[in-house]
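Below is structure22.cif, holding mmCIF, C-alpha atoms and all ligand atoms.
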data_work
loop_
_atom_site.label_atom_id
_atom_site.label_comp_id
_atom_site.auth_asym_id
_atom_site.auth_seq_id
_atom_site.Cartn_x
_atom_site.Cartn_y
_atom_site.Cartn_z
CA MET S 1 26.61 -17.58 2.13
CA ILE S 2 23.68 -15.76 3.72
CA GLY S 3 25.41 -15.95 7.11
CA ASN S 4 27.94 -13.45 5.76
CA GLU S 5 25.16 -10.89 5.32
CA VAL S 6 24.88 -10.72 9.09
CA GLU S 7 27.05 -8.11 10.77
CA ARG S 8 26.73 -9.30 14.35
CA VAL S 9 25.50 -12.55 15.87
CA VAL S 10 23.22 -11.87 18.84
CA VAL S 11 22.38 -15.46 19.84
CA THR S 12 24.36 -18.44 18.52
CA GLU S 13 22.97 -21.76 17.31
CA ASP S 14 24.47 -23.54 20.35
CA GLU S 15 22.95 -21.03 22.75
CA ILE S 16 19.52 -21.54 21.14
CA SER S 17 19.70 -25.30 21.32
CA ALA S 18 20.76 -25.26 25.00
CA LYS S 19 18.00 -22.77 25.82
CA VAL S 20 15.34 -24.79 23.99
CA LYS S 21 16.26 -27.87 26.08
CA GLU S 22 16.11 -25.81 29.27
CA LEU S 23 12.71 -24.33 28.38
CA ALA S 24 11.36 -27.75 27.41
CA GLY S 25 12.44 -29.07 30.82
CA ARG S 26 10.60 -26.26 32.58
CA ILE S 27 7.47 -26.84 30.47
CA GLU S 28 7.53 -30.56 31.25
CA THR S 29 7.69 -29.82 34.96
CA ASP S 30 5.08 -27.05 34.92
CA TYR S 31 2.62 -28.99 32.74
CA ARG S 32 3.11 -32.42 34.35
CA ASP S 33 -0.24 -34.25 34.38
CA ARG S 34 -1.81 -31.32 32.55
CA ASP S 35 -3.10 -30.78 29.07
CA LEU S 36 -0.80 -28.82 26.72
CA LEU S 37 -1.79 -27.09 23.49
CA MET S 38 1.02 -25.11 21.94
CA VAL S 39 -0.16 -22.30 19.65
CA GLY S 40 2.55 -21.07 17.31
CA VAL S 41 2.31 -17.59 15.88
CA LEU S 42 3.10 -17.77 12.17
CA LYS S 43 5.49 -17.38 10.61
CA GLY S 44 8.16 -16.38 13.07
CA ALA S 45 7.57 -19.16 15.59
CA ILE S 46 8.06 -22.07 13.19
CA MET S 47 11.61 -22.85 14.28
CA ALA S 48 10.82 -22.49 17.97
CA MET S 49 7.74 -24.75 17.64
CA ALA S 50 9.67 -27.39 15.72
CA ASP S 51 12.58 -27.46 18.16
CA LEU S 52 10.61 -27.11 21.39
CA SER S 53 8.04 -29.74 20.52
CA ARG S 54 10.77 -32.24 19.62
CA ALA S 55 12.53 -31.54 22.92
CA LEU S 56 9.36 -32.39 24.86
CA GLN S 57 9.10 -36.00 25.93
CA ARG S 58 5.33 -35.91 26.32
CA HIS S 59 2.23 -35.50 24.20
CA VAL S 60 1.60 -32.04 22.90
CA ASP S 61 -1.10 -30.70 20.59
CA MET S 62 -0.06 -28.01 18.15
CA ASP S 63 -2.07 -25.37 16.38
CA TRP S 64 -1.21 -22.16 14.54
CA MET S 65 -2.42 -18.62 14.20
CA ALA S 66 -1.34 -15.90 11.83
CA VAL S 67 -1.94 -12.32 12.84
CA SER S 68 -0.92 -9.00 11.42
CA SER S 69 -0.56 -5.95 13.56
CA TYR S 70 -1.19 -2.64 11.95
CA GLY S 71 1.40 -0.01 12.62
CA SER S 72 3.71 2.48 11.06
CA GLY S 73 6.83 0.87 9.61
CA THR S 74 8.41 -1.58 12.03
CA LYS S 75 6.38 -0.53 15.10
CA SER S 76 3.15 -2.37 15.91
CA SER S 77 0.12 -0.49 17.16
CA GLY S 78 -1.75 -3.15 19.05
CA VAL S 79 -4.54 -3.26 16.46
CA VAL S 80 -4.47 -6.85 15.32
CA ARG S 81 -6.14 -8.71 12.46
CA ILE S 82 -6.42 -12.51 12.38
CA LEU S 83 -5.14 -13.84 9.05
CA LYS S 84 -5.39 -17.50 10.03
CA ASP S 85 -7.36 -18.66 13.04
CA LEU S 86 -7.00 -21.81 15.16
CA ASP S 87 -8.44 -25.00 13.68
CA ARG S 88 -10.26 -25.98 16.86
CA ASP S 89 -12.21 -24.90 19.88
CA ILE S 90 -9.94 -24.19 22.86
CA THR S 91 -12.57 -24.15 25.61
CA GLY S 92 -11.01 -25.67 28.72
CA ARG S 93 -7.60 -26.13 27.10
CA GLU S 94 -4.23 -25.24 28.61
CA VAL S 95 -2.71 -23.02 25.95
CA LEU S 96 0.92 -22.03 25.59
CA ILE S 97 1.44 -19.31 22.97
CA VAL S 98 4.83 -19.67 21.26
CA GLU S 99 6.17 -16.46 19.77
CA ASP S 100 9.47 -15.51 18.19
CA ILE S 101 10.00 -12.11 19.78
CA VAL S 102 8.27 -9.64 22.09
CA ASP S 103 9.02 -6.06 21.22
CA SER S 104 6.30 -3.64 22.32
CA GLY S 105 4.28 -6.61 23.60
CA LEU S 106 1.11 -5.22 22.03
CA THR S 107 0.54 -8.17 19.67
CA LEU S 108 0.91 -10.72 22.46
CA SER S 109 -1.19 -8.84 24.93
CA TRP S 110 -4.02 -8.75 22.36
CA LEU S 111 -3.55 -12.42 21.48
CA LYS S 112 -3.56 -13.56 25.10
CA ALA S 113 -6.79 -11.66 25.82
CA ASN S 114 -8.33 -13.05 22.63
CA LEU S 115 -7.55 -16.69 23.54
CA GLU S 116 -8.70 -16.18 27.13
CA SER S 117 -12.02 -14.82 25.87
CA ARG S 118 -12.59 -18.15 24.07
CA GLY S 119 -12.71 -19.97 27.39
CA ALA S 120 -9.23 -21.48 27.58
CA LYS S 121 -8.44 -22.85 31.04
CA SER S 122 -5.04 -21.13 30.99
CA VAL S 123 -3.06 -19.05 28.53
CA GLU S 124 0.69 -18.62 29.05
CA ILE S 125 3.32 -17.16 26.74
CA LEU S 126 6.74 -18.31 25.61
CA ALA S 127 8.95 -15.95 23.60
CA ILE S 128 12.38 -16.91 22.34
CA LEU S 129 13.53 -13.28 22.38
CA ARG S 130 12.51 -10.25 24.38
CA LYS S 131 13.46 -6.65 23.69
CA PRO S 132 13.74 -3.94 26.37
CA ASP S 133 10.52 -2.13 25.34
CA ALA S 134 8.49 -5.18 26.37
CA ALA S 135 8.94 -4.14 29.99
CA LYS S 136 6.60 -1.17 29.37
CA VAL S 137 3.57 -3.30 28.53
CA ASP S 138 1.73 -5.30 31.11
CA VAL S 139 1.95 -8.71 29.47
CA LYS S 140 3.37 -11.60 31.47
CA VAL S 141 5.73 -13.72 29.40
CA LYS S 142 6.24 -16.86 31.48
CA TYR S 143 9.09 -18.34 29.44
CA VAL S 144 11.73 -16.08 27.88
CA GLY S 145 14.68 -17.42 25.93
CA PHE S 146 16.96 -14.41 25.69
CA GLU S 147 16.83 -10.73 26.60
CA ILE S 148 18.33 -8.87 23.63
CA PRO S 149 19.06 -5.21 22.79
CA ALA S 150 16.53 -3.15 20.82
CA ASP S 151 18.17 -3.69 17.37
CA PHE S 152 16.17 -5.24 14.52
CA VAL S 153 17.23 -8.89 14.29
CA VAL S 154 16.75 -11.74 11.80
CA GLY S 155 17.14 -15.50 11.85
CA TYR S 156 15.65 -18.49 13.67
CA GLY S 157 12.24 -17.72 12.14
CA LEU S 158 12.57 -13.92 12.04
CA ASP S 159 12.65 -12.28 8.62
CA TYR S 160 13.58 -9.16 6.78
CA ASN S 161 11.29 -8.98 3.71
CA GLU S 162 10.57 -12.72 4.10
CA LYS S 163 14.27 -13.62 3.97
CA TYR S 164 16.69 -14.92 6.62
CA ARG S 165 14.10 -17.00 8.51
CA ASN S 166 16.25 -20.08 7.84
CA LEU S 167 19.37 -18.77 9.55
CA PRO S 168 20.06 -21.13 12.48
CA PHE S 169 21.16 -18.22 14.70
CA VAL S 170 19.88 -14.69 15.50
CA GLY S 171 21.79 -11.66 14.26
CA VAL S 172 21.76 -8.09 13.04
CA LEU S 173 22.06 -7.57 9.30
CA ALA S 174 24.90 -5.59 7.82
CA LYS S 175 23.69 -2.05 7.07
CA HIS S 176 24.03 -2.40 3.29
CA MET S 177 21.54 -5.33 3.28
CA TYR S 178 18.65 -3.00 4.19
CA SER S 179 17.14 -1.43 1.10
P1 LIG J 1 5.17 -6.27 19.19
O1 LIG J 1 3.68 -6.19 19.10
O2 LIG J 1 5.68 -7.03 20.40
O3 LIG J 1 5.81 -4.89 19.09
O4 LIG J 1 5.66 -6.97 17.85
C1 LIG J 1 5.99 -8.28 17.78
C2 LIG J 1 6.19 -8.69 16.35
O5 LIG J 1 6.98 -7.72 15.63
C3 LIG J 1 6.98 -9.97 16.28
O6 LIG J 1 6.14 -11.09 16.27
C4 LIG J 1 7.75 -9.82 15.00
O7 LIG J 1 6.97 -10.29 13.91
C5 LIG J 1 7.95 -8.33 14.83
N1 LIG J 1 9.29 -7.92 15.31
C6 LIG J 1 9.59 -7.22 16.43
N2 LIG J 1 10.91 -7.04 16.55
C7 LIG J 1 11.48 -7.64 15.47
C8 LIG J 1 12.84 -7.81 15.03
O8 LIG J 1 13.83 -7.39 15.63
N3 LIG J 1 13.01 -8.52 13.87
C9 LIG J 1 11.99 -9.01 13.15
N4 LIG J 1 12.29 -9.67 12.04
N5 LIG J 1 10.68 -8.88 13.53
C10 LIG J 1 10.45 -8.20 14.69
#

Starting from the coordinates I provided, produce the structure as structure tokens.
Amino acid sequence: MIGNEVERVVVTEDEISAKVKELAGRIETDYRDRDLLMVGVLKGAIMAMADLSRALQRHVDMDWMAVSSYGSGTKSSGVVRILKDLDRDITGREVLIVEDIVDSGLTLSWLKANLESRGAKSVEILAILRKPDAAKVDVKVKYVGFEIPADFVVGYGLDYNEKYRNLPFVGVLAKHMYS
């Protein structure tokens, strides 16, 4: 059981599902009578996009981007490369970026500026998880699921060496699982 490889659960499956419903309710209110294009950041945001979009009782367009941020080890540097771009023009669109986690905030701050420069009408951010360091960077995350400690976490889309994305909860791996 891969769940047994997790030492500590940080956010439970039930907490995620309640939070997704709450966030979907806020999005429905905020975007009432407005356009909504959700842009998921691959691969981490797959679970959040799947759950959030199904909780929305309205039309929503979905697109995806894949980016890689250069950095040393687990820290990102803010220098970002687009691995997969959007499929369409977003001029005049109301974009909601959906991200798994904000750590330093550098990736999101670059992405937001990039999408704004393409002429989007609005660009807001949703992050399921936010770590304490995010407070240091000036990037406004409109919708935050959970504030979590600075530990490296996996699950609900987040990986360690491409594994654990399919865990339905968020947790910290047992020390011996890191190689
Ligand atoms: P930032 O630019 O905010 O420092 O980095 C954000 C990206 O780093 C996230 O999209 C995610 O891919 C990765 N990341 C940051 N913290 C964690 C973590 O605790 N676990 C995993 N698996 N990835 C993380």

Taking all atoms listed in the file into account, list the residues no farther than 8 Å from ligand LIG 1 (chain J), as an MDAnalysis selection string. chainID S and resid 41 43:44 69 74:78 99:108 131 134 150:155 158:160

Just how far from CA of Arg8 (chain S) is CA of Gly171 (chain S), in Å to one decimal?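 Between these atoms lies a distance of 5.5 Å.
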
Set the distance at 12 Å and use all atoms listed in the file: which residues neighbour Met1 (chain S) once local chain neighbours fewer than 5 positions away are removed? I'd like the list as a VMD selection string. chain S and resid 6 164 167

So what do you get for CA of Gln57 (chain S) versus CA of Ile27 (chain S), distance-wise?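 Interatomic distance here is 10.4 Å.
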
Å distance separating CA of Glu22 (chain S) from CA of Ala113 (chain S), one decimal place: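 Interatomic distance here is 27.1 Å.
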
Non-local contacts of Glu5 (chain S) (8 Å; only C-alpha atoms; under 6 positions in same chain excluded) as JSON, numbers by chain: {"S": [173, 174, 177]}

Tell me, as a VMD selection string, which residues lie within 10 Å of Asp89 (chain S), counting only C-alpha atoms; anything in the same chain fewer than 6 positions away does not count. chain S and resid 118 to 120

Save the residues we just selected, C-alpha atoms, as a compact mmCIF listing (two decimals), in the coordinates of the input?
# COMPACT_ATOMS: atom_id res chain seq x y z
CA ARG S 118 -12.59 -18.15 24.07
CA GLY S 119 -12.71 -19.97 27.39
CA ALA S 120 -9.23 -21.48 27.58

Taking into account all atoms listed in the file, which residue in the set S:Gly157, S:Gly3, S:Pro149, S:Gly25 is nearest to Ile128 (chain S)?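 Of S:Gly157, S:Gly3, S:Pro149, S:Gly25, the one nearest Ile128 (chain S) is S:Gly157, counting all atoms listed in the file.
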
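Taking only C-alpha atoms into account, Val11 (chain S) lies nearest to S:Tyr156 out of the set S:Leu115, S:Tyr156, S:Asp33, S:Arg165.
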
Will you give me region 4-38 of chain S, written with N, CA and C atoms and laid out as an mmCIF file, in the first residue's frame?
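As a result, part.cif now contains:
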data_model
loop_
_atom_site.group_PDB
_atom_site.id
_atom_site.type_symbol
_atom_site.label_atom_id
_atom_site.label_comp_id
_atom_site.auth_asym_id
_atom_site.auth_seq_id
_atom_site.Cartn_x
_atom_site.Cartn_y
_atom_site.Cartn_z
ATOM 1 N N ASN S 4 1.073 3.655 2.993
ATOM 2 C CA ASN S 4 1.912 3.329 4.151
ATOM 3 C C ASN S 4 3.305 3.932 4.036
ATOM 4 N N GLU S 5 3.653 4.418 2.843
ATOM 5 C CA GLU S 5 4.964 5.043 2.659
ATOM 6 C C GLU S 5 4.955 6.500 3.144
ATOM 7 N N VAL S 6 3.780 6.950 3.517
ATOM 8 C CA VAL S 6 3.641 8.319 4.015
ATOM 9 C C VAL S 6 3.735 8.323 5.537
ATOM 10 N N GLU S 7 4.574 9.196 6.046
ATOM 11 C CA GLU S 7 4.813 9.234 7.489
ATOM 12 C C GLU S 7 3.732 10.049 8.215
ATOM 13 N N ARG S 8 3.303 11.115 7.547
ATOM 14 C CA ARG S 8 2.372 12.040 8.207
ATOM 15 C C ARG S 8 1.408 12.624 7.169
ATOM 16 N N VAL S 9 0.131 12.520 7.457
ATOM 17 C CA VAL S 9 -0.868 13.108 6.551
ATOM 18 C C VAL S 9 -1.010 14.585 6.905
ATOM 19 N N VAL S 10 -0.907 15.434 5.881
ATOM 20 C CA VAL S 10 -0.980 16.882 6.112
ATOM 21 C C VAL S 10 -2.390 17.405 5.818
ATOM 22 N N VAL S 11 -2.997 16.892 4.745
ATOM 23 C CA VAL S 11 -4.394 17.234 4.432
ATOM 24 C C VAL S 11 -5.112 15.942 4.041
ATOM 25 N N THR S 12 -6.228 15.650 4.677
ATOM 26 C CA THR S 12 -6.936 14.390 4.404
ATOM 27 C C THR S 12 -7.792 14.500 3.143
ATOM 28 N N GLU S 13 -8.219 13.339 2.658
ATOM 29 C CA GLU S 13 -9.086 13.278 1.484
ATOM 30 C C GLU S 13 -10.402 14.044 1.738
ATOM 31 N N ASP S 14 -10.969 13.865 2.930
ATOM 32 C CA ASP S 14 -12.226 14.555 3.270
ATOM 33 C C ASP S 14 -12.033 16.069 3.314
ATOM 34 N N GLU S 15 -10.914 16.491 3.861
ATOM 35 C CA GLU S 15 -10.648 17.938 3.932
ATOM 36 C C GLU S 15 -10.517 18.517 2.523
ATOM 37 N N ILE S 16 -9.858 17.761 1.628
ATOM 38 C CA ILE S 16 -9.703 18.248 0.249
ATOM 39 C C ILE S 16 -11.062 18.360 -0.413
ATOM 40 N N SER S 17 -11.889 17.330 -0.247
ATOM 41 C CA SER S 17 -13.154 17.367 -0.983
ATOM 42 C C SER S 17 -14.070 18.475 -0.461
ATOM 43 N N ALA S 18 -14.045 18.734 0.850
ATOM 44 C CA ALA S 18 -14.847 19.852 1.393
ATOM 45 C C ALA S 18 -14.307 21.186 0.876
ATOM 46 N N LYS S 19 -12.989 21.307 0.828
ATOM 47 C CA LYS S 19 -12.369 22.561 0.388
ATOM 48 C C LYS S 19 -12.632 22.827 -1.096
ATOM 49 N N VAL S 20 -12.602 21.767 -1.900
ATOM 50 C CA VAL S 20 -12.854 21.925 -3.335
ATOM 51 C C VAL S 20 -14.285 22.446 -3.548
ATOM 52 N N LYS S 21 -15.229 21.910 -2.795
ATOM 53 C CA LYS S 21 -16.627 22.392 -2.910
ATOM 54 C C LYS S 21 -16.720 23.858 -2.506
ATOM 55 N N GLU S 22 -16.033 24.213 -1.438
ATOM 56 C CA GLU S 22 -16.065 25.600 -0.953
ATOM 57 C C GLU S 22 -15.459 26.549 -1.997
ATOM 58 N N LEU S 23 -14.309 26.149 -2.561
ATOM 59 C CA LEU S 23 -13.655 26.992 -3.568
ATOM 60 C C LEU S 23 -14.516 27.110 -4.821
ATOM 61 N N ALA S 24 -15.155 26.001 -5.207
ATOM 62 C CA ALA S 24 -16.013 26.029 -6.398
ATOM 63 C C ALA S 24 -17.177 26.997 -6.173
ATOM 64 N N GLY S 25 -17.709 27.014 -4.960
ATOM 65 C CA GLY S 25 -18.802 27.941 -4.634
ATOM 66 C C GLY S 25 -18.351 29.390 -4.774
ATOM 67 N N ARG S 26 -17.149 29.665 -4.267
ATOM 68 C CA ARG S 26 -16.623 31.038 -4.373
ATOM 69 C C ARG S 26 -16.390 31.420 -5.829
ATOM 70 N N ILE S 27 -15.867 30.483 -6.617
ATOM 71 C CA ILE S 27 -15.606 30.771 -8.038
ATOM 72 C C ILE S 27 -16.925 31.037 -8.760
ATOM 73 N N GLU S 28 -17.937 30.232 -8.461
ATOM 74 C CA GLU S 28 -19.244 30.448 -9.117
ATOM 75 C C GLU S 28 -19.785 31.837 -8.816
ATOM 76 N N THR S 29 -19.639 32.267 -7.566
ATOM 77 C CA THR S 29 -20.124 33.598 -7.196
ATOM 78 C C THR S 29 -19.291 34.683 -7.879
ATOM 79 N N ASP S 30 -17.972 34.562 -7.777
ATOM 80 C CA ASP S 30 -17.090 35.601 -8.318
ATOM 81 C C ASP S 30 -17.171 35.710 -9.844
ATOM 82 N N TYR S 31 -17.391 34.592 -10.505
ATOM 83 C CA TYR S 31 -17.395 34.591 -11.982
ATOM 84 C C TYR S 31 -18.803 34.536 -12.561
ATOM 85 N N ARG S 32 -19.818 34.829 -11.732
ATOM 86 C CA ARG S 32 -21.199 34.801 -12.247
ATOM 87 C C ARG S 32 -21.323 35.763 -13.435
ATOM 88 N N ASP S 33 -21.938 35.288 -14.494
ATOM 89 C CA ASP S 33 -22.123 36.085 -15.724
ATOM 90 C C ASP S 33 -20.803 36.522 -16.358
ATOM 91 N N ARG S 34 -19.732 35.822 -16.005
ATOM 92 C CA ARG S 34 -18.441 36.126 -16.635
ATOM 93 C C ARG S 34 -17.923 34.882 -17.326
ATOM 94 N N ASP S 35 -16.991 35.130 -18.236
ATOM 95 C CA ASP S 35 -16.262 34.067 -18.902
ATOM 96 C C ASP S 35 -15.354 33.387 -17.864
ATOM 97 N N LEU S 36 -15.026 32.124 -18.073
ATOM 98 C CA LEU S 36 -14.065 31.454 -17.178
ATOM 99 C C LEU S 36 -13.248 30.432 -17.958
ATOM 100 N N LEU S 37 -11.944 30.693 -18.015
ATOM 101 C CA LEU S 37 -11.009 29.745 -18.638
ATOM 102 C C LEU S 37 -10.028 29.299 -17.558
ATOM 103 N N MET S 38 -10.144 28.047 -17.164
ATOM 104 C CA MET S 38 -9.220 27.521 -16.166
ATOM 105 C C MET S 38 -7.984 26.978 -16.873
#
